[in-house]
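Structure file final34.csv (CSV, C-alpha atoms and all ligand atoms) is printed below.
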chain,number,residue,atom,x,y,z
Z,22,MET,CA,-9.8,-17.1,-8.5
Z,23,LYS,CA,-6.5,-16.0,-10.2
Z,24,THR,CA,-3.0,-16.6,-8.8
Z,25,LEU,CA,-0.2,-14.2,-9.6
Z,26,CYS,CA,3.4,-14.6,-8.6
Z,27,VAL,CA,6.3,-12.4,-7.5
Z,28,LYS,CA,9.6,-14.2,-7.8
Z,29,GLY,CA,11.8,-12.6,-5.2
Z,30,GLU,CA,15.4,-13.1,-4.3
Z,31,LYS,CA,14.5,-15.5,-1.5
Z,32,GLY,CA,11.5,-17.3,-3.0
Z,33,VAL,CA,8.2,-17.0,-4.8
Z,34,SER,CA,5.2,-15.2,-3.4
Z,35,ARG,CA,1.8,-16.3,-4.6
Z,36,ILE,CA,-1.1,-13.8,-4.6
Z,37,HIS,CA,-4.5,-15.5,-4.8
Z,38,VAL,CA,-7.1,-12.9,-5.9
Z,39,GLY,CA,-10.7,-14.0,-5.2
Z,40,GLU,CA,-9.7,-16.7,-2.7
Z,41,LYS,CA,-11.6,-16.8,0.6
Z,42,LEU,CA,-10.4,-16.2,4.2
Z,43,VAL,CA,-12.1,-19.4,5.2
Z,44,ASN,CA,-9.9,-21.4,2.9
Z,45,VAL,CA,-6.6,-20.0,4.3
Z,46,GLU,CA,-5.8,-23.3,6.0
Z,47,LYS,CA,-5.2,-24.8,2.5
Z,48,TYR,CA,-2.1,-22.6,2.3
Z,49,LEU,CA,-0.8,-22.9,5.8
Z,50,PRO,CA,2.0,-25.4,6.6
Z,51,HIS,CA,1.6,-28.0,9.3
Z,52,GLY,CA,2.8,-26.9,12.7
Z,53,LYS,CA,2.4,-23.9,14.8
Z,54,ILE,CA,0.7,-20.8,13.4
Z,55,VAL,CA,0.4,-17.4,15.1
Z,56,ILE,CA,-2.0,-14.7,13.8
Z,57,ILE,CA,-1.5,-11.0,13.9
Z,58,THR,CA,-4.5,-8.8,13.4
Z,59,ASP,CA,-6.3,-5.7,14.7
Z,60,GLU,CA,-9.4,-5.3,16.8
Z,61,THR,CA,-11.7,-4.3,13.9
Z,62,VAL,CA,-10.7,-7.2,11.7
Z,63,LYS,CA,-11.0,-9.6,14.6
Z,64,LYS,CA,-14.5,-8.2,15.4
Z,65,TYR,CA,-15.8,-8.9,11.9
Z,66,TYR,CA,-14.0,-12.0,11.0
Z,67,TYR,CA,-12.7,-13.9,14.0
Z,68,SER,CA,-15.1,-16.8,13.4
Z,69,ASP,CA,-13.4,-17.5,10.0
Z,70,PHE,CA,-9.9,-17.4,11.5
Z,71,PRO,CA,-8.0,-20.7,11.8
Z,72,ASP,CA,-7.8,-22.0,15.4
Z,73,CYS,CA,-4.5,-20.6,16.7
Z,74,PRO,CA,-3.1,-17.9,19.0
Z,75,VAL,CA,-4.1,-14.3,17.9
Z,76,ILE,CA,-2.0,-11.2,18.7
Z,77,ILE,CA,-4.0,-7.9,18.4
Z,78,ILE,CA,-2.3,-4.6,17.5
Z,79,GLY,CA,-3.6,-1.1,17.9
Z,80,GLN,CA,-5.0,0.8,14.9
Z,81,GLY,CA,-3.6,3.8,13.0
Z,82,GLU,CA,-0.2,4.9,11.8
Z,83,GLU,CA,0.8,5.8,15.4
Z,84,ASN,CA,0.9,2.1,16.2
Z,85,LYS,CA,3.1,1.1,13.2
Z,86,THR,CA,6.2,1.5,15.4
Z,87,LEU,CA,9.1,-0.4,17.0
Z,88,ASP,CA,7.2,-0.1,20.3
Z,89,THR,CA,4.4,-2.2,18.9
Z,90,CYS,CA,7.0,-4.7,17.5
Z,91,LYS,CA,8.6,-4.9,20.9
Z,92,LYS,CA,5.3,-6.0,22.4
Z,93,ILE,CA,4.8,-8.6,19.7
Z,94,TYR,CA,8.3,-10.0,20.1
Z,95,LYS,CA,7.5,-10.5,23.8
Z,96,GLU,CA,4.3,-12.2,23.0
Z,97,LEU,CA,6.0,-14.5,20.5
Z,98,ILE,CA,8.5,-15.5,23.2
Z,99,ARG,CA,5.7,-16.1,25.6
Z,100,LEU,CA,4.0,-18.3,23.0
Z,101,GLU,CA,7.3,-20.2,22.6
Z,102,VAL,CA,7.3,-19.4,18.9
Z,103,ASP,CA,10.3,-21.1,17.2
Z,104,ARG,CA,11.8,-21.0,13.7
Z,105,GLU,CA,9.2,-23.6,12.4
Z,106,THR,CA,6.3,-21.3,13.3
Z,107,PHE,CA,4.4,-19.6,10.6
Z,108,ILE,CA,3.1,-16.0,11.1
Z,109,LEU,CA,-0.2,-15.1,9.4
Z,110,GLY,CA,-1.2,-11.4,9.2
Z,111,ILE,CA,-4.9,-10.8,8.7
Z,112,GLY,CA,-5.7,-7.2,8.1
Z,113,GLY,CA,-5.0,-4.0,6.2
Z,114,GLY,CA,-1.7,-2.4,5.2
Z,115,ILE,CA,-0.7,-1.7,8.8
Z,116,VAL,CA,-1.2,-5.3,10.0
Z,117,CYS,CA,0.6,-6.6,6.8
Z,118,ASP,CA,3.6,-4.2,7.1
Z,119,ILE,CA,4.1,-5.0,10.8
Z,120,THR,CA,3.5,-8.8,10.3
Z,121,GLY,CA,6.1,-8.9,7.5
Z,122,PHE,CA,8.6,-6.9,9.6
Z,123,ILE,CA,8.1,-9.0,12.7
Z,124,ALA,CA,8.2,-12.4,10.8
Z,125,SER,CA,11.3,-11.3,8.9
Z,126,THR,CA,13.3,-10.2,11.9
Z,127,TYR,CA,12.2,-12.5,14.8
Z,128,MET,CA,14.8,-15.3,15.1
Z,129,ARG,CA,16.3,-14.0,11.9
Z,130,GLY,CA,13.2,-14.8,9.9
Z,131,LEU,CA,10.1,-17.0,10.0
Z,132,LYS,CA,7.8,-17.8,7.1
Z,133,PHE,CA,4.7,-15.6,6.8
Z,134,GLY,CA,1.6,-14.9,4.8
Z,135,PHE,CA,-1.2,-12.4,4.6
Z,136,VAL,CA,-5.0,-12.4,4.3
Z,137,SER,CA,-5.4,-8.9,3.0
Z,138,THR,CA,-8.6,-7.2,4.2
Z,139,THR,CA,-8.6,-3.6,2.8
Z,140,LEU,CA,-8.8,-2.6,-0.8
Z,141,LEU,CA,-5.5,-0.6,-0.3
Z,142,SER,CA,-3.6,-3.6,1.0
Z,143,GLN,CA,-5.0,-6.0,-1.6
Z,144,VAL,CA,-3.9,-3.8,-4.5
Z,145,ASP,CA,-0.7,-2.5,-3.0
Z,146,ALA,CA,0.5,-3.0,0.6
Z,147,SER,CA,0.4,-6.7,0.8
Z,148,VAL,CA,2.1,-7.2,-2.6
Z,149,GLY,CA,5.8,-6.8,-3.2
Z,150,GLY,CA,7.6,-7.7,0.0
Z,151,LYS,CA,8.2,-4.3,1.5
Z,152,ASN,CA,7.8,-4.5,5.2
Z,153,GLY,CA,8.5,-1.9,7.8
Z,154,VAL,CA,7.5,0.5,10.5
Z,155,ASN,CA,7.5,4.3,11.1
Z,156,PHE,CA,10.3,5.8,13.2
Z,157,ASP,CA,9.9,9.2,14.9
Z,158,SER,CA,8.3,11.3,12.2
Z,159,TYR,CA,9.8,9.3,9.4
Z,160,LYS,CA,7.4,7.0,7.5
Z,161,ASN,CA,8.4,3.4,6.8
Z,162,MET,CA,11.9,4.3,7.9
Z,163,VAL,CA,12.9,1.0,9.4
Z,164,GLY,CA,12.2,-2.2,7.4
Z,165,LEU,CA,13.3,-4.7,4.9
Z,166,PHE,CA,12.4,-6.5,1.7
Z,167,CYS,CA,11.0,-10.0,2.3
Z,168,GLN,CA,8.3,-11.7,0.3
Z,169,PRO,CA,5.3,-13.4,2.0
Z,170,GLU,CA,4.8,-17.0,1.1
Z,171,PHE,CA,1.2,-16.2,0.0
Z,172,VAL,CA,-1.3,-13.4,0.0
Z,173,ILE,CA,-5.1,-14.0,-0.1
Z,174,CYS,CA,-7.1,-11.1,-1.5
Z,175,ASP,CA,-10.7,-12.0,-0.4
Z,176,ILE,CA,-12.8,-9.4,-2.0
Z,177,SER,CA,-15.9,-10.3,0.0
Z,178,LEU,CA,-14.1,-8.9,3.1
Z,179,LEU,CA,-14.3,-5.4,1.5
Z,180,ASN,CA,-18.1,-5.2,2.1
Z,181,THR,CA,-17.5,-4.2,5.7
Z,182,LEU,CA,-14.9,-1.5,4.9
Z,183,PRO,CA,-16.0,2.1,5.6
Z,184,GLU,CA,-16.4,4.2,2.4
Z,185,LYS,CA,-13.3,6.3,3.2
Z,186,GLU,CA,-11.2,3.1,3.2
Z,187,ILE,CA,-12.6,2.0,-0.1
Z,188,SER,CA,-11.7,5.3,-1.7
Z,189,ASN,CA,-8.2,5.1,-0.2
Z,190,GLY,CA,-7.8,1.8,-2.0
Z,191,PHE,CA,-9.0,3.3,-5.3
Z,192,ALA,CA,-6.2,5.9,-5.1
Z,193,GLU,CA,-3.6,3.2,-5.5
Z,194,ILE,CA,-5.6,1.5,-8.3
Z,195,ILE,CA,-5.8,4.9,-10.2
Z,196,LYS,CA,-2.0,5.3,-9.6
Z,197,HIS,CA,-1.4,1.9,-11.2
Z,198,ALA,CA,-3.5,3.0,-14.2
Z,199,LEU,CA,-1.8,6.3,-14.5
Z,200,ILE,CA,1.7,5.0,-14.5
Z,201,THR,CA,1.2,2.0,-16.8
Z,202,ASP,CA,-2.2,1.3,-18.2
Z,203,ALA,CA,-4.3,3.9,-20.1
Z,204,ALA,CA,-7.0,1.2,-20.8
Z,205,MET,CA,-7.5,0.7,-17.1
Z,206,PHE,CA,-7.9,4.5,-16.7
Z,207,ASP,CA,-10.7,4.5,-19.3
Z,208,LEU,CA,-12.3,1.5,-17.6
Z,209,LEU,CA,-12.2,3.4,-14.3
Z,210,GLU,CA,-13.8,6.4,-15.9
Z,211,LYS,CA,-16.6,4.4,-17.4
Z,212,ASN,CA,-17.3,2.1,-14.5
Z,213,PHE,CA,-16.7,4.2,-11.4
Z,214,GLN,CA,-20.2,3.7,-10.1
Z,215,LYS,CA,-20.0,0.0,-10.3
Z,216,ALA,CA,-16.5,0.1,-8.8
Z,217,LEU,CA,-17.7,2.2,-5.9
Z,218,LYS,CA,-20.6,-0.1,-5.2
Z,219,LEU,CA,-18.1,-3.0,-5.0
Z,220,ASP,CA,-19.7,-4.8,-7.9
Z,221,PRO,CA,-17.9,-8.2,-7.6
Z,222,GLU,CA,-16.9,-8.6,-11.2
Z,223,THR,CA,-15.6,-5.0,-11.5
Z,224,ILE,CA,-13.6,-5.3,-8.2
Z,225,LEU,CA,-12.2,-8.7,-9.0
Z,226,TYR,CA,-11.0,-7.3,-12.4
Z,227,LEU,CA,-9.5,-4.1,-10.8
Z,228,VAL,CA,-7.8,-5.9,-7.9
Z,229,THR,CA,-6.4,-8.6,-10.3
Z,230,GLU,CA,-5.1,-6.0,-12.8
Z,231,SER,CA,-3.6,-3.9,-10.0
Z,232,VAL,CA,-1.8,-6.9,-8.5
Z,233,ARG,CA,-0.6,-7.8,-12.0
Z,234,ILE,CA,0.8,-4.4,-12.6
Z,235,LYS,CA,2.5,-4.2,-9.2
Z,236,ALA,CA,3.9,-7.8,-9.4
Z,237,ALA,CA,5.4,-7.1,-12.8
Z,238,VAL,CA,7.2,-4.0,-11.6
Z,239,VAL,CA,8.4,-5.7,-8.4
Z,240,GLN,CA,9.5,-8.7,-10.4
Z,241,LYS,CA,11.9,-6.5,-12.5
Z,242,ASP,CA,13.3,-4.6,-9.5
Z,243,GLU,CA,12.5,-6.1,-6.1
Z,244,LYS,CA,14.8,-3.8,-4.1
Z,245,GLU,CA,13.9,-0.5,-5.8
Z,246,ALA,CA,17.0,0.3,-7.6
Z,247,GLY,CA,15.2,1.6,-10.8
Z,248,GLU,CA,11.9,0.3,-12.2
Z,249,ARG,CA,10.1,0.0,-8.8
Z,250,ARG,CA,10.6,3.8,-8.2
Z,251,LYS,CA,7.6,4.4,-10.6
Z,252,LEU,CA,5.3,3.0,-7.9
Z,253,ASN,CA,6.1,6.1,-5.9
Z,254,PHE,CA,4.0,8.3,-8.2
Z,255,GLY,CA,2.2,10.8,-6.0
Z,256,HIS,CA,4.0,9.5,-2.9
Z,257,THR,CA,6.8,12.1,-2.6
Z,258,ILE,CA,4.4,15.0,-2.0
Z,259,GLY,CA,1.6,12.6,-0.7
Z,260,HIS,CA,3.7,11.2,2.1
Z,261,ALA,CA,4.6,14.7,3.3
Z,262,MET,CA,0.9,15.6,3.3
Z,263,GLU,CA,0.0,12.4,5.1
Z,264,LYS,CA,2.3,13.4,7.9
Z,265,ILE,CA,0.8,16.9,8.2
Z,266,THR,CA,-2.9,16.1,8.3
Z,267,ASN,CA,-3.1,12.3,8.4
Z,268,PRO,CA,-6.0,12.0,6.0
Z,269,GLY,CA,-5.4,8.3,5.3
Z,270,HIS,CA,-2.7,7.0,2.9
Z,271,GLY,CA,-4.8,6.8,-0.2
Z,272,ARG,CA,-6.3,10.3,0.3
Z,273,ALA,CA,-2.8,11.7,0.8
Z,274,VAL,CA,-1.6,9.9,-2.4
Z,275,SER,CA,-4.6,11.4,-4.3
Z,276,MET,CA,-3.4,14.9,-3.4
Z,277,GLY,CA,0.2,14.0,-4.2
Z,278,MET,CA,-0.9,12.6,-7.6
Z,279,VAL,CA,-2.7,15.9,-8.4
Z,280,ALA,CA,0.5,17.8,-7.4
Z,281,ALA,CA,2.7,15.5,-9.4
Z,282,SER,CA,0.4,15.8,-12.5
Z,283,LEU,CA,0.6,19.6,-12.3
Z,284,PHE,CA,4.3,19.4,-12.0
Z,285,SER,CA,4.4,17.1,-15.1
Z,286,CYS,CA,2.2,19.7,-16.9
Z,287,GLU,CA,4.5,22.5,-15.8
Z,288,LYS,CA,7.5,20.6,-17.2
Z,289,GLY,CA,5.6,20.2,-20.5
Z,290,PHE,CA,5.2,16.4,-20.2
Z,291,ILE,CA,1.4,16.3,-20.2
Z,292,THR,CA,-1.3,18.8,-21.1
Z,293,GLU,CA,-3.6,20.7,-18.8
Z,294,GLU,CA,-6.5,18.8,-20.2
Z,295,LYS,CA,-5.0,15.5,-19.1
Z,296,CYS,CA,-4.4,17.0,-15.6
Z,297,ARG,CA,-8.1,17.9,-15.5
Z,298,LYS,CA,-9.1,14.3,-16.5
Z,299,ILE,CA,-6.9,13.0,-13.7
Z,300,SER,CA,-8.5,15.3,-11.1
Z,301,ASP,CA,-12.0,14.5,-12.4
Z,302,LEU,CA,-11.4,10.8,-12.0
Z,303,LEU,CA,-10.0,11.1,-8.5
Z,304,GLU,CA,-13.0,13.2,-7.5
Z,305,LYS,CA,-15.4,10.6,-8.9
Z,306,PHE,CA,-13.8,8.2,-6.4
Z,307,ASP,CA,-14.4,10.6,-3.6
Z,308,LEU,CA,-10.7,11.4,-3.3
Z,309,PRO,CA,-9.4,14.9,-2.4
Z,310,VAL,CA,-7.9,16.9,-5.2
Z,311,ASN,CA,-7.5,20.3,-3.5
Z,312,PHE,CA,-5.2,21.1,-0.7
Z,313,ASP,CA,-4.7,24.1,1.4
Z,314,MET,CA,-1.4,23.4,3.1
Z,315,ASP,CA,1.6,25.6,3.6
Z,316,SER,CA,4.1,24.6,0.9
Z,317,ARG,CA,7.0,25.3,3.3
Z,318,ILE,CA,5.6,22.8,5.8
Z,319,ILE,CA,5.1,20.3,3.0
Z,320,MET,CA,8.7,20.9,1.9
Z,321,GLU,CA,10.0,20.4,5.5
Z,322,ASN,CA,8.3,17.1,5.6
Z,323,MET,CA,9.6,16.1,2.2
Z,324,GLN,CA,13.2,16.6,3.5
Z,325,LYS,CA,12.5,13.5,5.5
Z,326,ASP,CA,11.8,11.4,2.4
Z,327,LYS,CA,14.0,8.3,2.3
Z,328,LYS,CA,14.0,8.4,-1.5
Z,329,ARG,CA,16.3,11.4,-1.3
Z,330,ALA,CA,19.7,11.2,-2.9
Z,331,GLY,CA,21.7,14.0,-1.2
Z,332,ASP,CA,20.3,17.3,-2.4
Z,333,ARG,CA,18.3,15.5,-5.2
Z,334,ILE,CA,15.3,13.3,-5.2
Z,335,TYR,CA,13.8,10.7,-7.6
Z,336,PHE,CA,10.5,12.2,-8.7
Z,337,VAL,CA,7.9,10.4,-10.8
Z,338,PHE,CA,6.4,12.4,-13.6
Z,339,LEU,CA,3.6,11.4,-16.0
Z,340,SER,CA,4.6,11.5,-19.7
Z,341,ASP,CA,1.0,10.6,-20.6
Z,342,ILE,CA,-2.0,8.9,-19.0
Z,343,GLY,CA,-0.7,5.4,-18.7
Z,344,ARG,CA,3.0,6.3,-18.9
Z,345,CYS,CA,5.5,7.7,-16.5
Z,346,ARG,CA,9.2,8.7,-16.2
Z,347,VAL,CA,11.4,8.9,-13.2
Z,348,ASP,CA,13.8,11.9,-13.1
Z,349,LEU,CA,16.4,12.8,-10.5
Z,350,ILE,CA,15.6,16.5,-9.8
Z,351,THR,CA,17.1,18.9,-7.3
Z,352,ILE,CA,15.2,19.6,-4.1
Z,353,ASP,CA,15.5,23.3,-5.1
Z,354,GLU,CA,13.5,22.6,-8.3
Z,355,LEU,CA,10.8,20.8,-6.3
Z,356,GLU,CA,10.7,23.6,-3.8
Z,357,ASP,CA,10.3,26.2,-6.5
Z,358,PHE,CA,7.4,24.2,-8.0
Z,359,MET,CA,5.8,23.8,-4.5
Z,360,ILE,CA,6.1,27.4,-3.6
Z,361,HIS,CA,4.2,28.4,-6.7
Z,362,LEU,CA,1.6,25.7,-6.5
M,401,LIG,N1,4.4,-2.3,2.1
M,401,LIG,C1,3.9,-1.6,1.1
M,401,LIG,O1,4.4,-1.8,-0.1
M,401,LIG,C2,2.9,-0.6,1.3
M,401,LIG,C3,2.2,0.0,0.2
M,401,LIG,C4,1.1,0.8,0.4
M,401,LIG,C5,0.8,1.2,1.7
M,401,LIG,N2,1.4,0.6,2.7
M,401,LIG,C6,1.0,1.0,4.1
M,401,LIG,O2,-0.3,0.5,4.3
M,401,LIG,C7,-0.8,1.3,5.4
M,401,LIG,C8,-2.3,1.7,5.0
M,401,LIG,O3,-3.0,0.5,4.9
M,401,LIG,P1,-4.6,0.5,4.9
M,401,LIG,O4,-5.1,1.6,4.2
M,401,LIG,O5,-5.0,-0.9,4.6
M,401,LIG,O6,-4.8,0.9,6.5
M,401,LIG,P2,-5.2,0.1,7.8
M,401,LIG,O7,-4.4,-1.2,7.9
M,401,LIG,O8,-5.0,1.1,8.9
M,401,LIG,O9,-6.7,-0.2,7.6
M,401,LIG,C9,-7.7,0.8,7.6
M,401,LIG,C10,-8.8,0.6,8.6
M,401,LIG,O10,-9.7,-0.4,8.1
M,401,LIG,C11,-9.9,-1.4,9.1
M,401,LIG,N3,-10.2,-2.7,8.4
M,401,LIG,C12,-9.3,-3.5,7.8
M,401,LIG,N4,-10.0,-4.5,7.1
M,401,LIG,C13,-11.3,-4.2,7.3
M,401,LIG,C14,-12.5,-4.9,6.8
M,401,LIG,N5,-12.4,-5.9,6.0
M,401,LIG,N6,-13.7,-4.3,7.2
M,401,LIG,C15,-13.8,-3.3,8.0
M,401,LIG,N7,-12.7,-2.6,8.5
M,401,LIG,C16,-11.4,-3.1,8.1
M,401,LIG,C17,-8.7,-1.4,10.0
M,401,LIG,O11,-9.0,-2.0,11.2
M,401,LIG,C18,-8.3,0.1,10.0
M,401,LIG,O12,-9.0,0.7,11.0
M,401,LIG,C19,0.1,2.5,5.5
M,401,LIG,O13,0.8,2.4,6.7
M,401,LIG,C20,1.0,2.5,4.3
M,401,LIG,O14,2.3,3.0,4.6
M,401,LIG,C21,2.5,-0.2,2.5
M,402,ZN,ZN,0.9,4.0,-1.4

What's the structure tokens form of this structure?
Ligand SMILES: NC(=O)c1ccc[n+]([C@@H]2O[C@H](COP(=O)([O-])OP(=O)(O)OC[C@H]3O[C@@H](n4cnc5c(N)ncnc54)[C@H](O)[C@@H]3O)[C@@H](O)[C@H]2O)c1
Ligand SMILES: [Zn+2]
Amino acid sequence: MKTLCVKGEKGVSRIHVGEKLVNVEKYLPHGKIVIITDETVKKYYYSDFPDCPVIIIGQGEENKTLDTCKKIYKELIRLEVDRETFILGIGGGIVCDITGFIASTYMRGLKFGFVSTTLLSQVDASVGGKNGVNFDSYKNMVGLFCQPEFVICDISLLNTLPEKEISNGFAEIIKHALITDAAMFDLLEKNFQKALKLDPETILYLVTESVRIKAAVVQKDEKEAGERRKLNFGHTIGHAMEKITNPGHGRAVSMGMVAASLFSCEKGFITEEKCRKISDLLEKFDLPVNFDMDSRIIMENMQKDKKRAGDRIYFVFLSDIGRCRVDLITIDELEDFMIHL
């Protein structure tokens, strides 16, 4: 097991990669605990949960809403949850995002932690302290920064994940390699079969490295005023695509990364050959690299991106495989690229 830390404004978050769900009690404080999870995770792993009340939320982005939060707040009141209560989220990115938001807002903030059960949430969603929910058609529009006390990334839980969810997670791992770590990109190219088969040694390495990369970026810029923006590589266009066809977060990010790589190539930052290498790797991980969507509709959805700054937007380009740059570009320039894509 490896423990990595994120030192946030309000405390340290410890991420235990390779720890087991059954050991979660070691990390819980004495006193009342309430668990938030979803039906699928409960179905597979309830027998390993600590003995305490469990709140179940619905699955899918359409449940990551203030309406769901309202139901949970009511349930917390019914359970007489007070400021000493600890909230434990056991699940994927949706459970973690909602748990963090609920715990940080109920009674002005309770302590919370996660057992992260999807590859995507282990390498990304549960790390870094961003919590929030969707609002109308705006993704993650309402939320706050607040670090969990701990995150457990139990890689054995990934064995029950559907293949599609595994590849969703690999999209974020590939993103981390693309923006900061060329050696990890090479390793992914060479070991994709082992990785897809969830070979424990390979997965443990990839989850640990991904958490290390994300934790280091967040450490430098918890509130996303600069450095943290680079984690949005592939997300500006990807989020817009996610809203249109709802293919799953990682799959949308895969298409977004292909588009952002092509844009980087058009700007002369990377070669066509490197663009091809990126698409080839994404395809090896069963991720989509082609998209047949109307650019105007993608643009309409991008107008709702919260990373906009007036008529400009922070866009993450690759300057090489393993290196990126964040430029403030005009929406018009982005539109011009999209129209000709
Ligand atoms: N806060 C952040 O920094 C951050 C970063 C990246 C993504 N996100 C958010 O994360 C969300 C996506 O997360 P996700 O991909 O984990 O989706 P998810 O939470 O919807 O999980 C995907 C599916 O897998 C099921 N599942 C979970 N664990 C399982 C297991 N061990 N075995 C079998 N099935 C299991 C879930 O029930 C669900 O049906 C999006 O809402 C995205 O915005 C947040
Ligand atoms: Zn993402």

(request) Kindly give the distance, in Å, that separates atom CA of Phe358 of chain Z and atom CA of Arg346 of chain Z, rounded to a single decimal. (result) 17.6 Å

(request) Around ligand LIG 401 (chain M), at most 8 Å away and counting all atoms listed in the file, which residues are there? Put them as a PyMOL selection string, please. (result) chain Z and resi 59-62+65+80-82+85+112-118+137-142+145-154+160-161+178-183+186+189-190+193+269-271

(message) Between Z:Met128, Z:Asp202, Z:Val239, Z:Ser316, which residue has the minimum interatomic distance to Leu97 of chain Z, considering only C-alpha atoms?
(response) Z:Met128

(message) Report as a list of chain:residue names all protein, DNA and RNA residues lying within 7 Å of segment 38-40 of chain Z, evaluated on only C-alpha atoms, omitting residues in the same chain fewer than 4 positions from it.
(response) Z:Met22, Z:Lys23, Z:Thr24, Z:Ile173, Z:Cys174, Z:Asp175, Z:Ile176, Z:Leu225, Z:Thr229

(message) If we count all atoms listed in the file and set the cut-off at 10 Å, which residues sit around Thr201 of chain Z, ignoring sequence neighbours fewer than 3 positions away in its own chain? Please answer as a ChimeraX atom specification.
(response) /Z:196-198,204-206,234-235,238,251-252,339,341-345

Using all atoms listed in the file, which residues sit within 10 Å of His256 of chain Z once same-chain residues fewer than 4 positions away are excluded, as a PDB file with C-alpha atoms, keeping the file's coordinate frame?
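The resulting file, out_14.pdb, is shown below:
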ATOM      1  CA  LYS Z 196      -2.000   5.300  -9.600  1.00  0.00           C
ATOM      2  CA  LYS Z 251       7.600   4.400 -10.600  1.00  0.00           C
ATOM      3  CA  LEU Z 252       5.300   3.000  -7.900  1.00  0.00           C
ATOM      4  CA  HIS Z 260       3.700  11.200   2.100  1.00  0.00           C
ATOM      5  CA  ALA Z 261       4.600  14.700   3.300  1.00  0.00           C
ATOM      6  CA  MET Z 262       0.900  15.600   3.300  1.00  0.00           C
ATOM      7  CA  GLU Z 263       0.000  12.400   5.100  1.00  0.00           C
ATOM      8  CA  HIS Z 270      -2.700   7.000   2.900  1.00  0.00           C
ATOM      9  CA  GLY Z 271      -4.800   6.800  -0.200  1.00  0.00           C
ATOM     10  CA  ALA Z 273      -2.800  11.700   0.800  1.00  0.00           C
ATOM     11  CA  VAL Z 274      -1.600   9.900  -2.400  1.00  0.00           C
ATOM     12  CA  SER Z 275      -4.600  11.400  -4.300  1.00  0.00           C
ATOM     13  CA  MET Z 276      -3.400  14.900  -3.400  1.00  0.00           C
ATOM     14  CA  GLY Z 277       0.200  14.000  -4.200  1.00  0.00           C
ATOM     15  CA  MET Z 278      -0.900  12.600  -7.600  1.00  0.00           C
ATOM     16  CA  ALA Z 281       2.700  15.500  -9.400  1.00  0.00           C
ATOM     17  CA  ASP Z 326      11.800  11.400   2.400  1.00  0.00           C
ATOM     18  CA  PHE Z 336      10.500  12.200  -8.700  1.00  0.00           C
ATOM     19  CA  VAL Z 337       7.900  10.400 -10.800  1.00  0.00           C
TER      20      VAL Z 337
END

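Atom to atom, atom CA of Phe166 of chain Z and atom CA of Arg250 of chain Z stand 14.4 Å apart.
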
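Ranking Z:Phe213, Z:Phe191, Z:Tyr94, Z:Tyr159 by their shortest atom-to-atom distance to ligand ZN 402 (chain M), with all atoms listed in the file included, puts Z:Phe191 first.
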
(request) Select, from Z:Leu362, Z:Ile194, Z:Leu308, Z:Ala280, the residue with the minimum atom-to-atom distance to ligand ZN 402 (chain M), counting only C-alpha atoms and all ligand atoms. (result) Z:Ile194

(message) Using all atoms listed in the file for the distances, tell me which of Z:Asn253, Z:Gln324, Z:Asn267, Z:Ser158 is nearest to ligand ZN 402 (chain M).
(response) Z:Asn253

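With all atoms listed in the file as the atoms that count, the minimum distance from ligand ZN 402 (chain M) to the choices Z:Gly255, Z:Lys264, Z:Leu208, Z:Glu287 is reached by Z:Gly255.
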
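Closest approach to ligand ZN 402 (chain M) among Z:Ser340, Z:Thr351, Z:Asn155, Z:Thr257: Z:Thr257, based on all atoms listed in the file.
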
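Reported to one decimal place, the separation of atom CA of Glu243 of chain Z from atom CA of Ile108 of chain Z is 22.0 Å.
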
Just the residues within 10 Å of Lys31 of chain Z, please, counting all atoms listed in the file, with nothing from its chain fewer than 2 positions along; format it as a PDB file with C-alpha atoms, in the frame of the given file.
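After the write, selection.pdb holds the following:
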ATOM      1  CA  LYS Z  28       9.600 -14.200  -7.800  1.00  0.00           C
ATOM      2  CA  GLY Z  29      11.800 -12.600  -5.200  1.00  0.00           C
ATOM      3  CA  VAL Z  33       8.200 -17.000  -4.800  1.00  0.00           C
ATOM      4  CA  SER Z  34       5.200 -15.200  -3.400  1.00  0.00           C
ATOM      5  CA  PHE Z 166      12.400  -6.500   1.700  1.00  0.00           C
ATOM      6  CA  CYS Z 167      11.000 -10.000   2.300  1.00  0.00           C
ATOM      7  CA  GLN Z 168       8.300 -11.700   0.300  1.00  0.00           C
TER       8      GLN Z 168
END

Since the input is missing atoms, can you rebuild N, CA and C atoms for segment 208-213 of chain Z and write them as a CSV table (one decimal), in the coordinates of the input?
chain,number,residue,atom,x,y,z
Z,208,LEU,N,-11.4,2.4,-18.3
Z,208,LEU,CA,-12.3,1.5,-17.6
Z,208,LEU,C,-12.8,2.1,-16.3
Z,209,LEU,N,-11.9,2.7,-15.6
Z,209,LEU,CA,-12.2,3.4,-14.3
Z,209,LEU,C,-13.2,4.5,-14.5
Z,210,GLU,N,-12.9,5.3,-15.6
Z,210,GLU,CA,-13.8,6.4,-15.9
Z,210,GLU,C,-15.2,6.0,-16.2
Z,211,LYS,N,-15.3,4.9,-17.0
Z,211,LYS,CA,-16.6,4.4,-17.4
Z,211,LYS,C,-17.4,3.6,-16.3
Z,212,ASN,N,-16.6,3.0,-15.4
Z,212,ASN,CA,-17.3,2.1,-14.5
Z,212,ASN,C,-17.1,2.5,-13.0
Z,213,PHE,N,-16.9,3.8,-12.8
Z,213,PHE,CA,-16.7,4.2,-11.4
Z,213,PHE,C,-17.8,3.9,-10.5
